[in-house]
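Enquirer: Coordinates in start-v1.csv, CSV, C-alpha atoms, are listed below.
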chain,number,residue,atom,x,y,z
A,29,MET,CA,82.8,-76.1,6.4
A,30,ARG,CA,84.1,-73.2,8.5
A,31,VAL,CA,83.3,-73.9,12.1
A,32,LYS,CA,81.9,-71.2,14.3
A,33,LEU,CA,83.1,-71.5,18.0
A,34,VAL,CA,81.9,-69.3,20.8
A,35,CYS,CA,84.5,-69.3,23.6
A,36,VAL,CA,83.3,-68.2,27.0
A,37,ALA,CA,85.1,-66.7,30.0
A,38,GLY,CA,83.6,-65.6,33.3
A,39,GLY,CA,86.6,-64.2,35.0
A,40,ARG,CA,90.3,-64.2,35.7
A,41,PRO,CA,90.8,-68.0,36.1
A,42,ASN,CA,89.4,-68.6,32.6
A,43,PHE,CA,91.4,-66.0,30.7
A,44,PRO,CA,94.8,-67.8,30.5
A,45,LYS,CA,93.1,-71.0,29.3
A,46,LEU,CA,91.2,-69.2,26.5
A,47,ALA,CA,94.2,-67.1,25.5
A,48,ALA,CA,96.1,-70.3,24.7
A,49,LEU,CA,93.2,-71.7,22.7
A,50,PHE,CA,92.7,-68.5,20.8
A,51,ARG,CA,96.4,-68.5,19.8
A,52,ALA,CA,96.0,-72.1,18.5
A,53,LEU,CA,92.8,-71.4,16.6
A,54,GLY,CA,94.3,-68.2,15.2
A,55,THR,CA,96.5,-70.3,13.0
A,56,ARG,CA,93.4,-72.0,11.6
A,57,THR,CA,91.2,-69.2,10.4
A,58,ASP,CA,90.4,-71.2,7.3
A,59,ARG,CA,88.7,-73.7,9.5
A,60,PHE,CA,87.4,-71.8,12.5
A,61,GLU,CA,85.6,-68.5,13.1
A,62,THR,CA,85.7,-67.6,16.8
A,63,ARG,CA,83.6,-65.4,19.1
A,64,PHE,CA,84.8,-64.3,22.5
A,65,VAL,CA,82.0,-64.0,25.1
A,66,HIS,CA,82.7,-62.5,28.5
A,67,THR,CA,80.0,-63.1,31.0
A,68,GLY,CA,81.2,-60.3,33.3
A,69,GLN,CA,81.1,-62.6,36.4
A,70,HIS,CA,84.3,-60.9,37.5
A,71,SER,CA,83.7,-57.2,36.7
A,72,ASP,CA,86.6,-55.6,38.5
A,73,PRO,CA,88.8,-54.1,35.6
A,74,ARG,CA,92.0,-55.2,37.4
A,75,MET,CA,90.7,-58.8,37.2
A,76,SER,CA,89.3,-58.6,33.8
A,77,LYS,CA,90.2,-55.9,31.2
A,78,LEU,CA,93.8,-55.5,32.3
A,79,ILE,CA,94.4,-59.3,32.3
A,80,CYS,CA,92.8,-59.7,28.9
A,81,GLU,CA,95.0,-57.0,27.4
A,82,GLU,CA,98.2,-58.6,28.9
A,83,LEU,CA,97.2,-62.0,27.6
A,84,GLY,CA,96.5,-60.8,24.1
A,85,LEU,CA,92.9,-61.8,24.2
A,86,PRO,CA,90.6,-60.0,21.7
A,87,GLU,CA,88.0,-57.5,22.8
A,88,PRO,CA,84.9,-59.5,23.8
A,89,HIS,CA,82.4,-59.7,20.9
A,90,VAL,CA,79.8,-59.8,23.7
A,91,ASP,CA,80.0,-58.8,27.3
A,92,LEU,CA,77.0,-60.1,29.2
A,93,GLY,CA,77.8,-57.9,32.2
A,94,VAL,CA,76.1,-60.0,34.8
A,95,GLY,CA,78.3,-58.9,37.8
A,96,SER,CA,78.2,-60.4,41.2
A,97,ALA,CA,75.1,-62.1,42.7
A,98,THR,CA,74.1,-65.3,44.6
A,99,HIS,CA,74.8,-68.6,42.8
A,100,ALA,CA,71.2,-69.1,41.7
A,101,VAL,CA,70.7,-65.5,40.5
A,102,GLN,CA,74.1,-65.4,38.7
A,103,VAL,CA,73.6,-68.8,36.9
A,104,ALA,CA,70.1,-67.9,35.9
A,105,GLU,CA,71.1,-64.5,34.5
A,106,VAL,CA,74.1,-65.9,32.6
A,107,MET,CA,71.8,-68.6,31.1
A,108,ARG,CA,69.2,-66.0,30.1
A,109,ARG,CA,71.6,-63.7,28.4
A,110,PHE,CA,73.8,-66.4,26.9
A,111,GLU,CA,70.8,-68.0,25.3
A,112,ALA,CA,70.3,-64.9,23.2
A,113,VAL,CA,73.9,-65.0,22.1
A,114,LEU,CA,73.4,-68.6,21.0
A,115,GLN,CA,70.3,-67.7,19.0
A,116,ALA,CA,72.0,-64.8,17.3
A,117,GLU,CA,75.4,-66.5,16.6
A,118,GLN,CA,74.1,-70.0,15.7
A,119,PRO,CA,77.5,-71.5,16.7
A,120,HIS,CA,78.5,-75.0,15.8
A,121,GLY,CA,80.4,-75.3,19.1
A,122,VAL,CA,80.8,-73.6,22.5
A,123,VAL,CA,84.0,-73.8,24.6
A,124,VAL,CA,83.8,-73.3,28.3
A,125,ALA,CA,86.8,-73.4,30.7
A,126,GLY,CA,87.3,-74.3,34.4
A,127,ASP,CA,84.6,-74.3,37.1
A,128,LEU,CA,83.1,-70.9,37.5
A,129,ASN,CA,79.4,-70.3,37.8
A,130,SER,CA,79.6,-68.9,34.2
A,131,THR,CA,81.1,-72.3,33.1
A,132,LEU,CA,78.1,-74.1,34.5
A,133,ALA,CA,75.5,-71.6,33.2
A,134,CYS,CA,76.8,-71.6,29.6
A,135,ALA,CA,77.1,-75.4,29.6
A,136,LEU,CA,73.5,-75.7,30.6
A,137,ALA,CA,72.3,-73.2,28.0
A,138,THR,CA,74.4,-74.9,25.3
A,139,SER,CA,73.2,-78.4,26.1
A,140,LYS,CA,69.6,-77.4,25.2
A,141,PHE,CA,70.4,-75.3,22.1
A,142,PHE,CA,69.7,-76.6,18.6
A,143,ARG,CA,70.9,-74.7,15.5
A,144,ASP,CA,68.6,-73.9,12.7
A,145,GLU,CA,70.7,-75.9,10.2
A,146,PRO,CA,72.5,-79.3,10.7
A,147,PHE,CA,76.3,-79.7,10.5
A,148,PRO,CA,78.7,-82.6,10.5
A,149,PHE,CA,80.1,-83.7,13.9
A,150,ARG,CA,82.1,-86.9,14.1
A,151,GLY,CA,80.8,-88.0,10.7
A,152,LYS,CA,77.1,-87.6,11.4
A,153,PRO,CA,74.7,-84.7,10.9
A,154,ARG,CA,73.8,-82.8,14.0
A,155,ARG,CA,71.8,-79.7,15.1
A,156,ARG,CA,72.5,-79.5,18.8
A,157,THR,CA,75.5,-77.2,19.5
A,158,VAL,CA,78.6,-79.1,20.6
A,159,LEU,CA,79.9,-78.3,24.1
A,160,ALA,CA,83.7,-78.5,24.8
A,161,HIS,CA,85.2,-78.2,28.3
A,162,LEU,CA,88.8,-77.1,28.9
A,163,GLU,CA,90.2,-78.5,32.1
A,164,ALA,CA,87.8,-81.4,32.4
A,165,GLY,CA,87.8,-84.2,35.0
A,166,LEU,CA,89.3,-82.4,37.9
A,167,ARG,CA,87.7,-83.4,41.2
A,168,SER,CA,88.3,-82.4,44.8
A,169,PHE,CA,85.6,-84.8,46.1
A,170,ASP,CA,84.4,-82.1,48.3
A,171,ASP,CA,80.7,-81.6,47.6
A,172,ASP,CA,80.6,-78.5,49.9
A,173,MET,CA,82.8,-76.7,47.4
A,174,PRO,CA,80.6,-74.9,44.9
A,175,GLU,CA,83.1,-75.4,42.1
A,176,GLU,CA,82.9,-79.1,42.5
A,177,VAL,CA,79.3,-79.1,41.5
A,178,ASN,CA,80.1,-76.9,38.5
A,179,ARG,CA,82.8,-79.3,37.3
A,180,ARG,CA,80.7,-82.4,37.6
A,181,VAL,CA,77.7,-81.0,35.8
A,182,THR,CA,79.7,-79.4,33.0
A,183,ASP,CA,81.6,-82.6,32.4
A,184,CYS,CA,78.3,-84.6,32.3
A,185,LEU,CA,76.9,-82.3,29.6
A,186,SER,CA,80.1,-81.9,27.5
A,187,ASP,CA,80.7,-83.6,24.2
A,188,LEU,CA,84.5,-83.0,24.1
A,189,LEU,CA,86.3,-83.1,27.4
A,190,PHE,CA,89.9,-81.7,27.3
A,191,VAL,CA,91.8,-83.3,30.2
A,192,SER,CA,94.9,-81.7,31.8
A,193,GLU,CA,96.2,-84.5,34.1
A,194,PRO,CA,95.9,-88.3,34.4
A,195,ALA,CA,93.7,-88.1,37.5
A,196,GLY,CA,91.1,-86.3,35.3
A,197,GLU,CA,90.9,-89.3,33.0
A,198,ALA,CA,90.6,-91.7,35.9
A,199,ASN,CA,87.8,-89.6,37.4
A,200,LEU,CA,85.8,-89.4,34.1
A,201,CYS,CA,86.2,-93.2,33.5
A,202,ARG,CA,85.0,-93.9,37.1
A,203,GLU,CA,81.9,-91.6,36.4
A,204,GLY,CA,81.1,-93.6,33.2
A,205,VAL,CA,82.1,-90.9,30.6
A,206,ALA,CA,82.7,-92.6,27.3
A,207,PRO,CA,86.4,-92.8,26.3
A,208,GLU,CA,85.7,-91.2,22.9
A,209,ARG,CA,84.5,-88.0,24.7
A,210,GLN,CA,87.8,-87.7,26.6
A,211,HIS,CA,90.9,-86.1,25.2
A,212,PHE,CA,94.1,-85.8,27.2
A,213,VAL,CA,95.7,-82.6,25.9
A,214,GLY,CA,97.7,-81.3,28.9
A,215,ASN,CA,97.3,-78.0,30.7
A,216,VAL,CA,96.3,-75.1,28.5
A,217,MET,CA,96.9,-72.6,31.3
A,218,VAL,CA,100.6,-73.6,31.3
A,219,ASP,CA,100.7,-72.7,27.6
A,220,THR,CA,100.0,-69.1,28.5
A,221,LEU,CA,102.4,-69.1,31.4
A,222,LEU,CA,105.3,-70.4,29.3
A,223,SER,CA,104.5,-68.1,26.4
A,224,LEU,CA,104.6,-65.0,28.7
A,225,GLN,CA,107.3,-66.0,31.2
A,226,ALA,CA,109.9,-63.8,29.6
A,227,ARG,CA,107.7,-60.8,29.6
A,228,ALA,CA,106.8,-61.5,33.2
A,229,ALA,CA,110.4,-61.7,34.2
A,230,ALA,CA,110.9,-58.1,32.9
A,231,SER,CA,108.3,-56.8,35.3
A,232,ASP,CA,109.5,-54.2,37.8
A,233,VAL,CA,107.0,-55.2,40.4
A,234,LEU,CA,109.6,-56.3,43.0
A,235,ALA,CA,111.3,-52.9,42.8
A,236,ARG,CA,107.9,-51.1,43.1
A,237,LEU,CA,107.0,-53.1,46.2
A,238,GLY,CA,110.5,-52.9,47.7
A,239,LEU,CA,111.0,-56.7,47.6
A,240,GLU,CA,114.0,-59.0,47.1
A,241,PRO,CA,113.9,-62.3,45.3
A,242,ARG,CA,113.2,-65.2,47.7
A,243,GLY,CA,112.7,-62.6,50.4
A,244,TYR,CA,108.9,-62.9,50.9
A,245,ALA,CA,105.9,-65.1,50.8
A,246,LEU,CA,103.1,-64.6,48.4
A,247,LEU,CA,99.5,-65.1,49.5
A,248,THR,CA,96.2,-65.4,47.7
A,249,LEU,CA,92.9,-66.0,49.5
A,250,HIS,CA,89.4,-66.0,48.1
A,251,ARG,CA,87.5,-69.3,48.6
A,252,PRO,CA,84.1,-68.9,50.3
A,253,SER,CA,85.0,-71.6,52.8
A,254,ASN,CA,88.0,-69.5,53.9
A,255,VAL,CA,86.8,-66.0,53.7
A,256,ASP,CA,83.0,-66.1,54.2
A,257,ASP,CA,83.2,-67.6,57.7
A,258,GLU,CA,84.5,-64.9,60.0
A,259,ARG,CA,86.0,-67.4,62.5
A,260,GLN,CA,87.8,-69.3,59.8
A,261,LEU,CA,89.1,-66.1,58.3
A,262,ARG,CA,90.4,-64.9,61.7
A,263,THR,CA,92.1,-68.3,62.2
A,264,LEU,CA,93.9,-68.1,58.9
A,265,LEU,CA,95.0,-64.5,59.3
A,266,ASP,CA,96.3,-65.2,62.9
A,267,THR,CA,98.2,-68.2,61.6
A,268,LEU,CA,99.7,-66.2,58.6
A,269,ASP,CA,100.7,-63.4,61.0
A,270,GLU,CA,103.0,-66.0,62.6
A,271,ILE,CA,104.6,-66.7,59.3
A,272,ALA,CA,104.9,-62.9,58.6
A,273,ILE,CA,107.1,-62.6,61.7
A,274,GLU,CA,109.7,-64.7,59.9
A,275,LEU,CA,109.0,-63.7,56.3
A,276,PRO,CA,107.1,-60.7,54.9
A,277,VAL,CA,103.8,-61.7,53.2
A,278,VAL,CA,102.7,-60.0,50.0
A,279,PHE,CA,98.9,-60.2,49.7
A,280,PRO,CA,97.1,-59.0,46.6
A,281,VAL,CA,93.6,-58.8,48.0
A,282,HIS,CA,90.8,-60.3,46.0
A,283,PRO,CA,87.7,-58.0,45.9
A,284,ARG,CA,85.6,-60.7,47.5
A,285,THR,CA,88.1,-61.0,50.4
A,286,ARG,CA,88.4,-57.2,50.8
A,287,ALA,CA,84.6,-57.0,51.2
A,288,ARG,CA,84.8,-59.6,53.9
A,289,PHE,CA,87.5,-57.7,55.7
A,290,GLU,CA,85.4,-54.6,55.6
A,291,ALA,CA,82.2,-56.3,56.7
A,292,ALA,CA,84.0,-58.0,59.7
A,293,ARG,CA,86.3,-55.1,60.4
A,294,ILE,CA,89.4,-57.3,60.4
A,295,ARG,CA,92.7,-57.4,58.6
A,296,PRO,CA,96.2,-58.9,59.2
A,297,ARG,CA,97.8,-57.5,62.4
A,298,SER,CA,101.4,-57.8,61.4
A,299,GLU,CA,103.1,-54.8,59.8
A,300,ARG,CA,105.0,-57.3,57.7
A,301,PHE,CA,101.9,-57.9,55.6
A,302,LEU,CA,102.0,-56.0,52.4
A,303,LEU,CA,98.4,-55.6,51.1
A,304,THR,CA,98.0,-54.6,47.5
A,305,GLU,CA,95.1,-54.3,45.0
A,306,PRO,CA,94.6,-57.1,42.5
A,307,LEU,CA,97.6,-57.3,40.2
A,308,GLY,CA,97.9,-57.8,36.4
A,309,TYR,CA,99.0,-61.2,35.1
A,310,LEU,CA,102.6,-60.3,34.3
A,311,ASP,CA,103.2,-58.7,37.7
A,312,PHE,CA,101.6,-61.6,39.5
A,313,VAL,CA,103.7,-64.3,37.7
A,314,LYS,CA,106.8,-62.3,38.5
A,315,LEU,CA,105.9,-62.3,42.2
A,316,GLU,CA,105.1,-66.0,42.0
A,317,SER,CA,108.4,-66.9,40.4
A,318,SER,CA,110.4,-64.9,42.8
A,319,ALA,CA,108.7,-65.9,46.1
A,320,LYS,CA,110.3,-68.1,48.7
A,321,VAL,CA,106.9,-69.8,49.2
A,322,VAL,CA,103.4,-69.2,47.9
A,323,LEU,CA,100.3,-69.7,50.1
A,324,THR,CA,97.0,-70.0,48.3
A,325,ASP,CA,93.5,-71.4,48.0
A,326,SER,CA,93.5,-71.0,44.3
A,327,GLY,CA,93.6,-73.9,41.9
A,328,GLY,CA,95.5,-72.2,39.1
A,329,VAL,CA,98.2,-71.0,41.4
A,330,GLN,CA,98.9,-74.6,42.3
A,331,ASP,CA,99.6,-75.4,38.7
A,332,GLU,CA,101.7,-72.3,38.1
A,333,THR,CA,103.9,-72.8,41.1
A,334,THR,CA,104.5,-76.4,40.0
A,335,VAL,CA,105.7,-75.3,36.6
A,336,LEU,CA,107.8,-72.4,38.1
A,337,GLY,CA,109.4,-74.7,40.6
A,338,VAL,CA,108.3,-72.6,43.6
A,339,PRO,CA,107.1,-74.2,46.9
A,340,CYS,CA,103.4,-73.9,47.4
A,341,ILE,CA,101.2,-74.5,50.5
A,342,THR,CA,97.5,-74.9,49.6
A,343,LEU,CA,95.2,-73.5,52.3
A,344,ARG,CA,92.5,-76.1,51.8
A,345,ASN,CA,91.8,-79.6,53.0
A,346,ASN,CA,91.8,-81.0,49.5
A,347,THR,CA,92.8,-80.3,45.9
A,348,GLU,CA,91.3,-81.1,42.5
A,349,ARG,CA,94.9,-81.0,41.2
A,350,PRO,CA,96.6,-84.0,42.9
A,351,ILE,CA,99.4,-84.0,40.4
A,352,THR,CA,100.7,-80.8,41.9
A,353,VAL,CA,101.2,-82.7,45.1
A,354,THR,CA,102.5,-86.0,43.8
A,355,GLU,CA,104.8,-84.6,41.1
A,356,GLY,CA,104.9,-80.8,41.7
A,357,THR,CA,105.8,-78.4,44.4
A,358,ASN,CA,102.5,-78.3,46.3
A,359,VAL,CA,101.6,-79.5,49.8
A,360,LEU,CA,98.3,-79.4,51.5
A,361,GLY,CA,98.5,-77.2,54.5
A,362,HIS,CA,94.8,-77.6,55.3
A,363,THR,CA,93.1,-74.8,57.2
A,364,THR,CA,94.2,-75.2,60.8
A,365,ARG,CA,97.1,-73.4,62.5
A,366,GLU,CA,98.8,-76.7,63.1
A,367,GLY,CA,98.5,-77.9,59.5
A,368,ILE,CA,99.6,-74.6,57.9
A,369,LEU,CA,102.6,-74.0,60.2
A,370,GLY,CA,103.6,-77.7,60.0
A,371,ALA,CA,103.6,-77.5,56.2
A,372,TYR,CA,105.6,-74.3,56.3
A,373,ALA,CA,108.2,-75.8,58.7
A,374,ALA,CA,108.5,-78.9,56.5
A,375,LEU,CA,109.1,-76.8,53.4
A,376,HIS,CA,111.6,-74.6,55.2
A,377,ARG,CA,113.6,-77.8,56.2
A,378,GLU,CA,113.3,-79.4,52.7
A,379,PRO,CA,111.9,-77.2,49.9
A,380,ARG,CA,110.2,-79.1,47.1
A,381,SER,CA,111.4,-78.6,43.6
A,382,GLY,CA,109.1,-81.2,42.0
A,383,ARG,CA,108.9,-81.8,38.3
A,384,VAL,CA,106.7,-80.5,35.4
A,385,PRO,CA,103.9,-83.1,34.7
A,386,ARG,CA,103.5,-84.8,31.3
A,387,ALA,CA,102.1,-82.6,28.5
A,388,TRP,CA,102.4,-79.4,30.5
A,389,ASP,CA,104.7,-78.4,27.7
A,390,GLY,CA,103.2,-75.3,26.1
A,391,ASN,CA,101.4,-77.3,23.4
A,392,ALA,CA,98.1,-78.3,25.1
A,393,ALA,CA,96.0,-75.8,23.2
A,394,GLU,CA,97.5,-77.0,19.9
A,395,ARG,CA,96.5,-80.5,20.7
A,396,ALA,CA,93.0,-79.3,21.7
A,397,ALA,CA,92.7,-77.5,18.4
A,398,ARG,CA,93.6,-80.6,16.5
A,399,VAL,CA,90.8,-82.5,18.3
A,400,LEU,CA,88.4,-79.8,17.3
A,401,GLU,CA,89.5,-80.0,13.7
A,402,GLN,CA,89.0,-83.8,13.6
A,403,ALA,CA,85.6,-83.7,15.4
A,404,PHE,CA,84.1,-81.3,12.9
A,405,ALA,CA,85.6,-82.9,9.9
Show the structure stored in the file as structure tokens.
Expert:
Amino acid sequence: MRVKLVCVAGGRPNFPKLAALFRALGTRTDRFETRFVHTGQHSDPRMSKLICEELGLPEPHVDLGVGSATHAVQVAEVMRRFEAVLQAEQPHGVVVAGDLNSTLACALATSKFFRDEPFPFRGKPRRRTVLAHLEAGLRSFDDDMPEEVNRRVTDCLSDLLFVSEPAGEANLCREGVAPERQHFVGNVMVDTLLSLQARAAASDVLARLGLEPRGYALLTLHRPSNVDDERQLRTLLDTLDEIAIELPVVFPVHPRTRARFEAARIRPRSERFLLTEPLGYLDFVKLESSAKVVLTDSGGVQDETTVLGVPCITLRNNTERPITVTEGTNVLGHTTREGILGAYAALHREPRSGRVPRAWDGNAAERAARVLEQAFA
């Protein structure tokens, strides 16, 4: 049987994960037929089309084009449009990644979809489409974080849970997820990072921006808890202004964050802030790898800096990626002036080099593909 898989991405955080899986499945065309569905949750071309091209992803077979909206509207619209894709494609399996609203929406739609014809799954006939989750088991234990709800529900619904770090396995076991549904494969996003590291190193972005290696900090900021509250956003910018006095801060501004700047009529005060538009994948990895320190509220950036060996301060009170703290280069700076400046001073005194976690070796997607082969045998 040739297995049809629909692989879903909602925006930039999903693309590197799916790119790795597409590469692994591309060596198995006798076993798998793949379809790439882009929900359009991130519609800015700089965070979507350009990234897909650099990662070597195929053109989406379907672009749902949902765009931005409130959580309820966006999830409902993705579900409505994705259900039509399921009906037309009749896939044996659907692969979702990460923790975006699109991840949750497509997981919900898939969990209720039954194919017209049965197929073998783990040795038994089945009609309900199989749901697989890349990057399963991650938990911040912060229920005020929208992504935490998306993760928990998606994992609850999934048949195949591809886990990236040991904490993920522990979380799933604690939540009663059967061991046969869990598969520790490693970090698929790291596969893409390692495969494109040489190309990223050739980027001329430092010259274009007038930067020297280790001569700047790199900042990303987009979490609702950080940018939607004007008081919190001002606190962060004022604190980061103090760091900019010592070290220039390069800040590729997320469209969500730029909208908040414009609505509140605020922006960093220091002239040593270099604000740019969102960057392509290769340029961003070059900036990451050459920075003295990275300040971020992104999950994926914590993983990337750990692999690149670059000190990272996470501008949050928690992380769903604890291995980046216990083994990697990441420290929690929290969201207060004292916490962030304290973390920055500590890293200045003693930079963290860390080590690359187990199975973050560039072969995670290959391991996931082997699990899929066995499951549909």
Enquirer: Env of stretch 290-303 of chain A: 6 Å cut, atoms = all atoms listed in the file, seq-sep filter 3 positions within chain, self excluded. Answer as a ChimeraX atom specification.
Expert: /A:265,269,272,276-280,287
Enquirer: List as a ChimeraX atom specification the protein and nucleic acid residues near stretch 185-198 of chain A, meaning an atom at most 9 Å away when only C-alpha atoms are counted, but skip any in the same chain fewer than 2 places from it.
Expert: /A:135-136,138-139,158-167,180-183,200-203,207-216,348-351,385-388,392,396,399-400,403
Enquirer: Could you give me, as a list in words, the residues within 7 Å of stretch 52-56 of chain A, counting only C-alpha atoms and dropping anything in the same chain fewer than 4 positions from it?
Expert: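 Here the answer would be Ala48, Phe60, Ala393, Glu394 and Ala397 of chain A.
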Enquirer: Using all atoms listed in the file, find the one residue out of A:Gly126, A:Gly84, A:Gly121, A:Gly68 that sits nearest to A:Leu33.
Expert: A:Gly121
Enquirer: What is the distance between atom CA of A:Ser76 and atom CA of A:Leu239, in Å to one decimal?
Expert: 25.8 Å
Enquirer: From the set A:Val90, A:Leu83, A:Ile271, A:Ala47, which residue has the shortest atom-to-atom contact distance to A:Thr67, counting all atoms listed in the file?
Expert: A:Val90
Enquirer: Take atom CA of A:Gln69 and atom CA of A:Leu343 and report the distance between them in Å, one decimal.
Expert: 23.9 Å
Enquirer: Would you work out the distance separating atom CA of A:Thr354 from atom CA of A:Gly382, expressed in Å to one decimal?
Expert: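 These atoms are spaced 8.4 Å apart.
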Enquirer: Have a look at A:Ala133, A:Val329, A:Ala228, A:Met217 and name the one nearest to A:Val101; count all atoms listed in the file.
Expert: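 Of A:Ala133, A:Val329, A:Ala228, A:Met217, the one nearest A:Val101, counting all atoms listed in the file, is A:Ala133.
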Enquirer: Can you pull out every residue within 7 Å of stretch 314-316 of chain A, counting all atoms listed in the file, but drop anything in the same chain fewer than 4 positions away, and send it as JSON, numbers by chain?
Expert: {"A": [228, 229, 231, 246, 310, 322, 333]}
Enquirer: Using only C-alpha atoms, please write the residues we just selected to a file, as an mmCIF file, in the frame of the given file.
Expert:
data_model
loop_
_atom_site.group_PDB
_atom_site.id
_atom_site.type_symbol
_atom_site.label_atom_id
_atom_site.label_comp_id
_atom_site.auth_asym_id
_atom_site.auth_seq_id
_atom_site.Cartn_x
_atom_site.Cartn_y
_atom_site.Cartn_z
ATOM 1 C CA ALA A 228 106.800 -61.500 33.200
ATOM 2 C CA ALA A 229 110.400 -61.700 34.200
ATOM 3 C CA SER A 231 108.300 -56.800 35.300
ATOM 4 C CA LEU A 246 103.100 -64.600 48.400
ATOM 5 C CA LEU A 310 102.600 -60.300 34.300
ATOM 6 C CA VAL A 322 103.400 -69.200 47.900
ATOM 7 C CA THR A 333 103.900 -72.800 41.100
#
Enquirer: Can you tell me which residues surround A:Leu128 at a distance of at most 9 Å, considering all atoms listed in the file, apart from same-chain residues fewer than 5 positions away, and format the answer as a list in words?
Expert: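 The contact residues come out as Ala37, Gly38, Gly39, Pro41, Asn42, Gln69, Ala133, Pro174, Glu175, Asn178 and Arg179 of chain A.
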Enquirer: Grab the residues selected above and save them as an mmCIF file, in the frame of the given file with C-alpha atoms.
Expert:
data_model
loop_
_atom_site.group_PDB
_atom_site.id
_atom_site.type_symbol
_atom_site.label_atom_id
_atom_site.label_comp_id
_atom_site.auth_asym_id
_atom_site.auth_seq_id
_atom_site.Cartn_x
_atom_site.Cartn_y
_atom_site.Cartn_z
ATOM 1 C CA ALA A 37 85.100 -66.700 30.000
ATOM 2 C CA GLY A 38 83.600 -65.600 33.300
ATOM 3 C CA GLY A 39 86.600 -64.200 35.000
ATOM 4 C CA PRO A 41 90.800 -68.000 36.100
ATOM 5 C CA ASN A 42 89.400 -68.600 32.600
ATOM 6 C CA GLN A 69 81.100 -62.600 36.400
ATOM 7 C CA ALA A 133 75.500 -71.600 33.200
ATOM 8 C CA PRO A 174 80.600 -74.900 44.900
ATOM 9 C CA GLU A 175 83.100 -75.400 42.100
ATOM 10 C CA ASN A 178 80.100 -76.900 38.500
ATOM 11 C CA ARG A 179 82.800 -79.300 37.300
#
Enquirer: Would you please work out which residue, of A:Arg59, A:Leu85, A:Leu264, A:Met29, is nearest to A:Thr220 when using all atoms listed in the file?
Expert: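 Ranked by minimum distance to A:Thr220, first place goes to A:Leu85.
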Enquirer: Rank A:Val281, A:Pro146, A:Leu275, A:Thr267 by their smallest atom-to-atom distance to A:Gly361, using all atoms listed in the file, and report the top residue only.
Expert: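 So, comparing all the options, the nearest one is A:Thr267.
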Enquirer: Find, counting only C-alpha atoms, the residue in A:Ala125, A:Arg284, A:Arg155, A:Leu369 that gets nearest to A:Glu305.
Expert: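 Comparing A:Ala125, A:Arg284, A:Arg155, A:Leu369 against A:Glu305, the winner is A:Arg284.
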